[in-house]
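Read through the structure below, which is laid out as structure tokens, and then see the notes.
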Amino acid sequence: LRNISKIYRMSQTVSVEALKDVNVKIYPGEIVIIMGPSGSGKSTFLNIVGTLDRPTSGRVYLEGVDVTDLPERELYDIRLRKIGFVFQFFNLISTLTAIENVMLPMILLGELSEKEARERALELLKIVGLGDRINSRPIQLSGGQQQRVAIARALANNPSIVLMDEPTGNVDVVSEAIILKLVSILNKYFGVTFVIVTHNPEVSVIGHRIIYIRGGRLFETKEVPKISLDQPIDERRIIRSELKFLKLELVRL
């Protein structure tokens, strides 16, 4: 983001400046934590990074390409290919099963057959520990399980960057630790870049960089609070899945 400002005009006389001359670079393979209280500009920041909203001024670059003024159809394609989203309230489609929710971005992209999409979705659900719940609908899953389905869905099209909005805001403490460790391992073995917006200081334990946002301005710090991430996750399972994905991609190519 280069010199980004965002002003919401509520009326002819009332306006709110959500972001003020924001400059930030997100590097490949980073986990960047954006922390701040409600109303500080976190969601606006994430929406602009994800091309869901346009800045009032300034430029947005994704992998060196200026995407600020691209038409919505091109932005739709960029979001589908390059950006994964994980929302606080999961945003799963209630009438679809877990595996169907994960398959959906792949079907929309149209580069995999339905069989290939299902196979990849199954592997992703196994990675997040839900290989036994693939046919469950969101109402049959806990908050933590729904969030893990959302993470699997965000990874469906192998995005360049995954944006997470309060990913632990609606889950219990055990689920929070599992989700944070999953993010850390996915970053370590898949090289996924994460930008996580939160007001929860415990989330910062997994961050490579912490940026505080106050009143629409960004401030960086190196202070990292610590929590336990002792919840076991089979890292070898994730490595095997990554190898399987590479083989599938090789066959597809």
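Each chain in the structure tokens gets a letter, A, B and so on, in the order shown; residues start at 1 in every chain, and ligands are counted from 1 in the order they appear.
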
Residues within 12 Å of Asp77 in chain A, only C-alpha atoms, excluding chain neighbours under 4 positions, as a list in words: Thr51, Val67, Leu70, Pro71, Glu72, Arg73, Arg81, Lys82, Ile83, Pro105, Leu108, Leu109, Gly110, Asn157 and Pro159 of chain A

10 Å contact set for Ile238 in chain A, only C-alpha atoms, chain neighbours under 2 positions out, as JSON, numbers by chain: {"A": [123, 124, 126, 127, 128, 182, 185, 186, 189, 190, 233, 234, 235, 236, 240, 241, 242, 243, 244]}

Contacts of Glu30 in chain A at 9 Å (only C-alpha atoms; same-chain gap of 3+ positions) as a PyMOL selection string: chain A and resi 26-27+187+191-195+207-209

CA of Ile239 in chain A to CA of Leu125 in chain A, straight-line distance in Å: 14.2 Å

DSSP strand (DSSP E or B) residues within range 121-196 of chain A, listed as a PyMOL selection string: chain A and resi 161-165+193-196

Surrounding residues of Val86 in chain A excluding itself and chain neighbours under 5 positions, 9 Å, only C-alpha atoms, as a PyMOL selection string: chain A and resi 91+147+150-151+153-154+162-167

Contacts of Met35 in chain A within 8 Å, only C-alpha atoms, excl. fewer than 4 positions in-chain, as a count of residues only: 10

Alpha helix (DSSP H) per DSSP on the backbone: members of range 90-248 of chain A, as a VMD selection string: chain A and resid 98 to 109 114 to 127 143 to 154 173 to 190 235 to 248

10 Å contact set for Thr168 in chain A, only C-alpha atoms, chain neighbours under 2 positions out, as a list in words: Phe87, Gln88, Phe89, Gly143, Gly144, Gln147, Met164, Asp165, Glu166, Asn170, Val171, Asp172, Val173, Ser175, Glu176, Ala177, Ile178, Ile179, Leu180, Thr198, His199, Asn200, Glu202 and Val203 of chain A

All residues 10 Å or closer to Leu104 in chain A, only C-alpha atoms, same chain fewer than 2 positions away omitted, as a PyMOL selection string: chain A and resi 93+96+99-102+106-110+114+117-118+121+153+156-157

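The nearest approach to Lys188 in chain A among the residues A:Pro55, A:Ile31, A:Val22, A:Leu141, with only C-alpha atoms taken into account, belongs to A:Ile31.
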
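One distance worth recording is that between CA of Lys115 in chain A and CA of Leu246 in chain A, which is 16.6 Å.
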
Which of A:Ile33, A:Leu155, A:Phe219, A:Arg54 sits closest to Met103 in chain A [using only C-alpha atoms]: A:Leu155

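Proximity to Phe85 in chain A was assessed for A:Ser40, A:Ser160, A:Thr56, A:Thr97 counting only C-alpha atoms; the smallest distance is recorded for A:Ser160.
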